[in-house]
>>> print(open('final06.cif').read())   # mmCIF, C-alpha atoms
data_start
#
loop_
_atom_site.label_atom_id
_atom_site.label_comp_id
_atom_site.auth_asym_id
_atom_site.auth_seq_id
_atom_site.Cartn_x
_atom_site.Cartn_y
_atom_site.Cartn_z
CA MET A 5 -56.73 -12.78 4.07
CA SER A 6 -54.61 -12.62 0.95
CA ARG A 7 -50.79 -12.49 1.12
CA ALA A 8 -50.79 -9.00 -0.42
CA ARG A 9 -53.28 -7.69 2.17
CA ASP A 10 -51.35 -9.41 4.96
CA LYS A 11 -48.10 -7.71 3.82
CA ALA A 12 -49.84 -4.34 3.61
CA GLY A 13 -51.33 -4.84 7.03
CA GLY A 14 -47.89 -5.66 8.40
CA ASN A 15 -46.47 -2.39 7.05
CA ALA A 16 -49.41 -0.49 8.53
CA ASP A 17 -48.70 -2.04 11.92
CA PHE A 18 -45.06 -0.87 11.73
CA GLU A 19 -46.09 2.67 10.82
CA SER A 20 -48.71 2.84 13.56
CA ALA A 21 -46.02 1.74 16.01
CA GLY A 22 -43.95 4.78 15.09
CA ILE A 23 -41.24 2.85 13.23
CA GLY A 24 -42.11 4.36 9.85
CA ALA A 25 -39.63 3.68 7.03
CA TYR A 26 -36.98 2.19 9.33
CA SER A 27 -35.94 -1.31 8.32
CA LEU A 28 -34.17 -3.91 10.39
CA HIS A 29 -32.16 -6.60 8.63
CA TYR A 30 -31.37 -9.97 10.15
CA GLN A 31 -28.28 -12.00 9.42
CA PHE A 32 -28.63 -15.76 9.68
CA ALA A 33 -25.83 -18.24 10.32
CA VAL A 34 -26.06 -21.97 10.79
CA GLY A 35 -26.37 -22.84 14.45
CA ARG A 36 -26.84 -19.24 15.58
CA PRO A 37 -29.95 -17.24 16.46
CA ALA A 38 -31.02 -14.39 14.16
CA LYS A 39 -28.98 -11.25 14.83
CA PRO A 40 -30.26 -7.75 14.02
CA VAL A 41 -27.91 -5.70 11.81
CA GLU A 42 -28.02 -2.00 12.63
CA SER A 43 -26.81 0.82 10.42
CA VAL A 44 -23.08 1.56 10.51
CA SER A 45 -20.65 3.76 8.57
CA LEU A 46 -17.20 3.20 7.10
CA LYS A 47 -15.79 5.63 9.63
CA LEU A 48 -17.32 3.70 12.52
CA LEU A 49 -16.17 0.34 11.14
CA PHE A 50 -12.62 1.63 10.78
CA GLU A 51 -12.64 2.90 14.36
CA ARG A 52 -13.71 -0.57 15.48
CA TYR A 53 -11.47 -2.74 13.34
CA GLY A 54 -8.69 -0.56 11.88
CA ASP A 55 -6.16 -1.45 14.57
CA LEU A 56 -6.93 -5.15 14.17
CA LEU A 57 -6.61 -5.22 10.39
CA TRP A 58 -3.61 -2.95 9.80
CA GLU A 59 -0.27 -2.65 11.58
CA PRO A 60 0.94 0.87 12.50
CA GLY A 61 3.02 2.47 9.79
CA SER A 62 2.84 4.26 6.47
CA HIS A 63 0.47 1.69 4.95
CA LYS A 64 -2.07 2.14 7.74
CA TYR A 65 -1.67 5.91 7.39
CA ASN A 66 -2.64 5.63 3.71
CA VAL A 67 -5.51 3.23 4.47
CA THR A 68 -6.91 5.67 7.03
CA ALA A 69 -6.99 8.40 4.38
CA PHE A 70 -8.60 6.01 1.88
CA ILE A 71 -11.41 4.92 4.21
CA TYR A 72 -12.24 8.45 5.38
CA GLU A 73 -12.32 9.66 1.76
CA LEU A 74 -14.70 6.84 0.78
CA HIS A 75 -16.85 7.65 3.81
CA THR A 76 -17.33 11.23 2.60
CA LEU A 77 -18.10 10.07 -0.96
CA LEU A 78 -20.96 7.77 0.00
CA ILE A 79 -24.35 9.32 -0.79
CA THR A 80 -25.75 7.53 2.26
CA PRO A 81 -22.94 7.35 4.84
CA GLU A 82 -24.82 4.92 7.10
CA PHE A 83 -25.83 1.49 5.84
CA SER A 84 -26.61 -2.06 6.89
CA VAL A 85 -26.24 -3.47 3.37
CA PHE A 86 -23.36 -2.45 1.11
CA THR A 87 -24.66 -2.88 -2.44
CA ASP A 88 -23.03 -3.15 -5.86
CA GLU A 89 -24.66 0.20 -6.69
CA MET A 90 -22.90 1.84 -3.75
CA LEU A 91 -19.58 0.38 -4.90
CA ASP A 92 -20.13 1.56 -8.49
CA SER A 93 -20.96 5.03 -7.22
CA LEU A 94 -17.72 5.19 -5.24
CA ILE A 95 -15.62 4.11 -8.23
CA ALA A 96 -17.34 6.70 -10.45
CA SER A 97 -16.69 9.44 -7.88
CA LEU A 98 -13.01 8.49 -7.62
CA ARG A 99 -12.67 8.61 -11.40
CA LYS A 100 -14.18 12.11 -11.42
CA ARG A 101 -11.48 13.09 -8.94
CA GLY A 102 -8.84 11.93 -11.40
CA ASN A 103 -7.85 8.71 -9.62
CA SER A 104 -6.11 6.17 -11.83
CA ASN A 105 -7.22 2.55 -11.92
CA ALA A 106 -4.16 1.61 -9.87
CA THR A 107 -5.13 4.12 -7.17
CA ILE A 108 -8.75 2.96 -7.24
CA ASN A 109 -7.61 -0.65 -6.80
CA ARG A 110 -5.62 0.28 -3.70
CA LYS A 111 -8.60 2.07 -2.19
CA MET A 112 -10.98 -0.76 -3.05
CA ALA A 113 -8.58 -3.29 -1.51
CA ALA A 114 -8.75 -1.39 1.79
CA LEU A 115 -12.55 -1.13 1.54
CA SER A 116 -12.93 -4.83 0.75
CA LYS A 117 -10.78 -5.86 3.71
CA LEU A 118 -12.78 -3.66 6.10
CA LEU A 119 -16.19 -4.81 4.80
CA ARG A 120 -15.21 -8.49 4.91
CA LYS A 121 -14.28 -8.10 8.56
CA ALA A 122 -17.54 -6.26 9.26
CA PHE A 123 -19.54 -8.97 7.50
CA LYS A 124 -17.77 -11.68 9.49
CA MET A 125 -18.59 -9.83 12.71
CA GLY A 126 -22.24 -9.44 11.68
CA GLU A 127 -22.02 -5.66 11.19
CA VAL A 128 -23.26 -5.66 7.58
CA HIS A 129 -25.92 -7.81 5.93
CA SER A 130 -24.26 -8.45 2.55
CA LEU A 131 -21.16 -7.60 0.52
CA PRO A 132 -20.76 -6.26 -3.05
CA GLU A 133 -18.74 -8.01 -5.74
CA PHE A 134 -15.31 -6.41 -5.98
CA ARG A 135 -13.68 -6.45 -9.39
CA ARG A 136 -10.13 -5.32 -9.94
CA GLN A 137 -9.79 -2.42 -12.38
CA LYS A 138 -7.45 -2.98 -15.30
CA GLU A 139 -4.16 -1.18 -14.68
CA LYS A 140 -1.76 0.18 -17.25
CA SER A 141 1.85 -0.92 -17.03
CA GLY A 142 3.26 2.50 -16.30
CA ARG A 143 6.80 3.75 -16.65
CA ILE A 144 9.04 2.94 -13.69
CA ARG A 145 11.39 5.73 -12.66
CA PHE A 146 14.69 4.94 -10.99
CA LEU A 147 17.77 6.98 -10.20
CA GLU A 148 20.97 6.75 -12.18
CA TYR A 149 24.14 6.90 -10.10
CA ASP A 150 24.86 10.56 -10.90
CA GLU A 151 21.29 11.53 -9.92
CA GLU A 152 21.65 9.65 -6.64
CA ASP A 153 24.94 11.39 -5.88
CA ARG A 154 23.52 14.87 -6.47
CA LEU A 155 20.26 14.25 -4.62
CA PHE A 156 21.88 12.55 -1.64
CA ALA A 157 24.48 15.30 -1.31
CA ALA A 158 21.71 17.90 -1.17
CA ILE A 159 19.82 15.86 1.44
CA GLU A 160 22.99 15.47 3.55
CA SER A 161 23.39 19.27 3.62
CA HIS A 162 20.04 19.40 5.42
CA SER A 163 20.24 16.30 7.62
CA GLU A 164 22.87 13.64 8.27
CA LEU A 165 20.14 11.31 9.56
CA TYR A 166 18.05 11.65 6.40
CA HIS A 167 21.16 11.03 4.31
CA ARG A 168 21.84 7.74 6.12
CA PHE A 169 18.15 6.88 5.76
CA CYS A 170 18.29 7.33 1.97
CA ILE A 171 21.42 5.19 1.69
CA PHE A 172 19.72 2.41 3.63
CA LEU A 173 16.55 2.64 1.52
CA VAL A 174 18.30 2.50 -1.84
CA ASP A 175 20.63 -0.36 -0.84
CA THR A 176 17.93 -2.52 0.79
CA GLY A 177 14.83 -1.62 -1.23
CA ALA A 178 12.93 -1.21 2.03
CA ARG A 179 9.72 0.76 2.21
CA LEU A 180 9.80 3.87 4.38
CA GLY A 181 7.65 2.33 7.09
CA GLU A 182 9.72 -0.85 7.14
CA ALA A 183 12.95 1.07 7.69
CA ILE A 184 11.48 3.40 10.32
CA SER A 185 10.10 0.41 12.26
CA LEU A 186 13.53 -1.27 12.33
CA ARG A 187 14.94 -1.95 15.82
CA TRP A 188 18.50 -2.70 16.90
CA ASN A 189 17.64 -6.35 17.57
CA ASP A 190 16.48 -6.62 13.95
CA ILE A 191 20.05 -6.02 12.73
CA HIS A 192 22.38 -8.96 13.19
CA GLU A 193 25.59 -10.01 11.41
CA ASP A 194 25.17 -7.36 8.72
CA ARG A 195 21.62 -8.44 7.90
CA ALA A 196 18.37 -6.56 8.52
CA THR A 197 15.06 -8.27 9.24
CA PHE A 198 11.87 -6.39 8.49
CA TRP A 199 8.98 -7.54 10.67
CA VAL A 200 6.45 -4.77 9.97
CA THR A 201 5.81 -5.24 6.24
CA LYS A 202 3.01 -4.52 3.81
CA SER A 203 2.46 -8.22 3.11
CA GLY A 204 2.54 -9.15 6.79
CA LYS A 205 5.44 -11.54 6.13
CA SER A 206 8.89 -10.86 7.54
CA ARG A 207 12.01 -10.93 5.37
CA SER A 208 15.75 -10.53 5.87
CA VAL A 209 18.25 -8.96 3.50
CA PRO A 210 22.05 -8.69 3.69
CA LEU A 211 23.47 -5.17 3.99
CA THR A 212 25.99 -3.42 1.78
CA SER A 213 29.05 -1.93 3.46
CA ARG A 214 27.61 1.59 3.36
CA ALA A 215 24.24 0.36 4.65
CA VAL A 216 26.07 -1.16 7.63
CA VAL A 217 27.56 2.25 8.36
CA ALA A 218 24.14 3.88 7.95
CA VAL A 219 22.62 1.71 10.70
CA ALA A 220 25.55 1.89 13.13
CA ARG A 221 24.22 1.83 16.70
CA ARG A 222 23.71 5.18 18.38
CA ALA A 223 22.93 5.80 22.04
CA GLY A 224 19.48 6.92 23.11
CA GLN A 225 17.57 5.34 20.23
CA ILE A 226 15.55 2.12 19.93
CA GLY A 227 16.41 1.83 16.24
CA PRO A 228 18.46 3.60 13.58
CA PHE A 229 15.57 5.57 12.07
CA ASN A 230 12.72 5.45 14.60
CA SER A 231 12.91 9.23 15.23
CA ILE A 232 12.15 10.09 11.61
CA ASP A 233 8.86 11.82 10.85
CA GLN A 234 7.76 10.96 7.32
CA GLN A 235 6.23 14.36 6.58
CA GLN A 236 9.38 16.19 7.64
CA PHE A 237 11.52 13.79 5.62
CA ARG A 238 9.38 14.33 2.51
CA ALA A 239 9.68 18.10 2.96
CA VAL A 240 13.50 17.86 2.99
CA TRP A 241 13.36 15.45 0.03
CA ASN A 242 11.32 17.93 -2.03
CA GLN A 243 13.64 20.78 -1.11
CA ALA A 244 16.66 18.72 -2.17
CA LYS A 245 14.90 17.83 -5.45
CA LYS A 246 14.47 21.51 -6.16
CA GLU A 247 18.11 22.26 -5.40
CA VAL A 248 19.41 19.67 -7.88
CA GLY A 249 16.95 20.47 -10.68
CA LEU A 250 14.55 17.53 -10.28
CA SER A 251 11.55 19.45 -8.92
CA THR A 252 9.52 19.02 -12.13
CA ASP A 253 9.89 15.23 -12.13
CA SER A 254 6.80 14.02 -10.27
CA ASP A 255 8.10 10.43 -10.25
CA VAL A 256 11.09 11.29 -8.07
CA VAL A 257 9.46 10.58 -4.73
CA PRO A 258 11.05 8.65 -1.83
CA HIS A 259 9.56 5.38 -3.19
CA VAL A 260 11.86 5.82 -6.21
CA LEU A 261 14.66 4.48 -4.01
CA ARG A 262 12.88 1.10 -3.82
CA HIS A 263 12.50 1.12 -7.62
CA THR A 264 16.18 2.02 -7.93
CA CYS A 265 17.23 -0.93 -5.77
CA ALA A 266 15.11 -3.33 -7.83
CA SER A 267 16.33 -1.96 -11.15
CA ARG A 268 19.99 -2.30 -10.12
CA LEU A 269 19.47 -5.90 -9.08
CA VAL A 270 17.78 -6.81 -12.36
CA ARG A 271 20.26 -4.92 -14.54
CA GLY A 272 23.06 -6.59 -12.60
CA GLY A 273 21.85 -10.02 -13.70
CA ILE A 274 19.95 -11.12 -10.57
CA ASP A 275 17.06 -13.39 -11.53
CA ILE A 276 13.49 -12.20 -11.00
CA ARG A 277 12.71 -14.77 -8.30
CA ARG A 278 15.55 -13.51 -6.11
CA VAL A 279 14.48 -9.92 -6.69
CA GLN A 280 10.96 -10.89 -5.60
CA MET A 281 12.34 -12.37 -2.37
CA TRP A 282 14.55 -9.32 -1.78
CA LEU A 283 11.70 -6.84 -2.16
CA GLY A 284 9.12 -8.98 -0.37
CA HIS A 285 6.59 -8.92 -3.20
CA GLN A 286 3.63 -11.22 -2.60
CA THR A 287 3.37 -12.18 -6.28
CA LEU A 288 5.90 -12.58 -9.05
CA GLN A 289 3.70 -10.36 -11.23
CA MET A 290 4.61 -7.37 -9.10
CA THR A 291 8.31 -8.02 -9.66
CA MET A 292 7.86 -8.58 -13.39
CA ARG A 293 7.47 -4.81 -13.78
CA TYR A 294 11.27 -4.71 -13.74
CA ALA A 295 11.83 -7.63 -16.12
CA HIS A 296 12.30 -5.36 -19.15
CA LEU A 297 15.53 -4.08 -17.57
CA ALA A 298 17.12 -7.50 -18.02
CA SER A 299 17.56 -6.82 -21.75
CA HIS A 300 21.11 -8.18 -21.68
CA ASP A 301 19.58 -11.66 -21.47
CA LEU A 302 18.38 -11.21 -25.05
CA ASP A 303 21.79 -10.37 -26.50
CA VAL A 304 22.44 -14.04 -27.27
CA CYS A 305 19.53 -13.89 -29.73
CA VAL A 306 21.19 -11.35 -32.03
CA PRO A 307 23.74 -13.71 -33.66
CA ILE A 308 20.90 -16.08 -34.55
CA LEU A 309 19.02 -13.33 -36.33
CA GLU A 310 22.01 -11.82 -38.11
CA ARG A 311 21.97 -12.48 -41.85
CA HIS A 312 25.21 -13.92 -43.15
CA LYS A 313 26.07 -13.05 -46.75
#
>>> encode(input="final06.cif", output="structure tokens")
Amino acid sequence: MSRARDKAGGNADFESAGIGAYSLHYQFAVGRPAKPVESVSLKLLFERYGDLLWEPGSHKYNVTAFIYELHTLLITPEFSVFTDEMLDSLIASLRKRGNSNATINRKMAALSKLLRKAFKMGEVHSLPEFRRQKEKSGRIRFLEYDEEDRLFAAIESHSELYHRFCIFLVDTGARLGEAISLRWNDIHEDRATFWVTKSGKSRSVPLTSRAVVAVARRAGQIGPFNSIDQQQFRAVWNQAKKEVGLSTDSDVVPHVLRHTCASRLVRGGIDIRRVQMWLGHQTLQMTMRYAHLASHDLDVCVPILERHK
């Protein structure tokens, strides 16, 4: 019997057995028996591995939204092989929704991490090739001192707790989730240690005098800001923006406080490496977004270029 007829006969046997178009993939690993790979979905994979891969906090909250959005965008939600065509389709769909390359990269990073775990656990048969989309170096918004004063005063009129929270964020450069996760034992000798971070690496920063006041111990709490709900805080933030005439500036979001901290360090003459350590950036490239603010370093070049008559 020829190989072609043998293959056809094999398919006929499957169909006569009632299996039809169903296909079963096997994943092979050295030293292990063949393991069948059944169909799964991104939603199911996240339910299985989300808590293992991401710590609780704002980053995991965003990742959850990313994965569920990608799940709904897949033409075939269930799969045993995640192909390059499926990945291209997702990226095209995100672009149609108006996602920037930076946003797409964040969503693809979450997807890649989840699929790599699923592949390691034998849940998927193969992985696509992830390629980072080219990002534009966008404008970085930060608050000038007068803007901070007006905005913080408006926030304080709504909530004394939120006002202290903002002071702490702008003077430490902490992310919202990092500050909310802070516990009393993490504050020692006017220094704060952030254990729950985006990079997974802890860091400690010294506190300014007003940041020390902002985290003064209060009875009945496990940390200075653990009672804060991010959605409620953002609602008060947006209301305060409106009251001080900043409602039309889409860049004035709570994360602007982290940008403000970084910009003040760089403009104050702190070298980029120290700023990287302060913010907890994984790569120096991330910190280099603020390098243009250190323009005073170039002032020594002017006398060289001046023409002397």
>>> closest_residue(input="final06.cif", among="A:Ile144, A:Val174, A:Leu56, A:Val128", to="Leu211 of chain A", atoms="only C-alpha atoms")
A:Val174
>>> residues_around(input="final06.cif", residues="Ala114 of chain A", least_positions_apart="3", cutoff="8 Å", atoms="all atoms listed in the file", output="list in words")
Val67, Phe70, Ile71, Arg110, Lys111, Lys117 and Leu118 of chain A
>>> resolve_selection(input="final06.cif", expression="the PyMOL selection byres ((chain A and resi 68) around 10)", output="ChimeraX atom specification")
/A:47,50-51,54,58,62-67,69-73,114
>>> residues_around(input="final06.cif", residues="segment 219-222 of chain A", least_positions_apart="6", cutoff="8 Å", atoms="all atoms listed in the file", output="PDB file with C-alpha atoms, in the coordinates of the input")
ATOM      1  CA  ARG A 168      21.840   7.740   6.120  1.00  0.00           C
ATOM      2  CA  PHE A 172      19.720   2.410   3.630  1.00  0.00           C
ATOM      3  CA  TRP A 188      18.500  -2.700  16.900  1.00  0.00           C
ATOM      4  CA  PRO A 228      18.460   3.600  13.580  1.00  0.00           C
TER       5      PRO A 228
END
>>> resolve_selection(input="final06.cif", expression="the PyMOL selection byres ((chain A and resi 280) around 12)", output="ChimeraX atom specification")
/A:177,207,209,265-267,269-270,274-279,281-295
>>> residues_around(input="final06.cif", residues="segment 233-244 of chain A", least_positions_apart="4", cutoff="7 Å", atoms="all atoms listed in the file", output="ChimeraX atom specification")
/A:155,158-159,166,248
>>> residues_around(input="final06.cif", residues="segment 86-92 of chain A", least_positions_apart="3", cutoff="6 Å", atoms="all atoms listed in the file", output="list in words")
Ile95, Leu131 and Pro132 of chain A
>>> atom_distance(input="final06.cif", atom1="atom CA of Ile108 of chain A", atom2="atom CA of Leu57 of chain A")
19.6 Å
>>> closest_residue(input="final06.cif", among="A:Ser45, A:Ser163, A:Ser97, A:Asn105", to="Ala122 of chain A", atoms="only C-alpha atoms")
A:Ser45
>>> closest_residue(input="final06.cif", among="A:Pro307, A:Pro60, A:Glu133, A:Val85", to="Ser116 of chain A", atoms="all atoms listed in the file")
A:Glu133
>>> axis_aligned_box(input="final06.cif", around="segment 127-139 of chain A", padding_each_side="3 Å", output="JSON")
{"center_x": -15.0, "center_y": -4.8, "center_z": -2.1, "size_x": 27.8, "size_y": 13.3, "size_z": 32.5}
>>> closest_residue(input="final06.cif", among="A:Arg52, A:Arg135, A:Arg187, A:His167", to="Trp199 of chain A", atoms="all atoms listed in the file")
A:Arg187
>>> closest_residue(input="final06.cif", among="A:Leu49, A:Ile226, A:Leu250, A:Val44", to="Arg120 of chain A", atoms="all atoms listed in the file")
A:Leu49
>>> resolve_selection(input="final06.cif", expression="the PyMOL selection byres ((chain A and resi 145) around 8)", output="JSON, numbers by chain")
{"A": [143, 144, 146, 147, 255, 256, 260, 263, 264]}
>>> closest_residue(input="final06.cif", among="A:Gly61, A:Ala178, A:Ala298, A:Glu82", to="Glu42 of chain A", atoms="all atoms listed in the file")
A:Glu82
>>> atom_distance(input="final06.cif", atom1="atom CA of Pro81 of chain A", atom2="atom CA of Ser93 of chain A")
12.4 Å
>>> atom_distance(input="final06.cif", atom1="atom CA of Tyr53 of chain A", atom2="atom CA of Leu74 of chain A")
16.1 Å
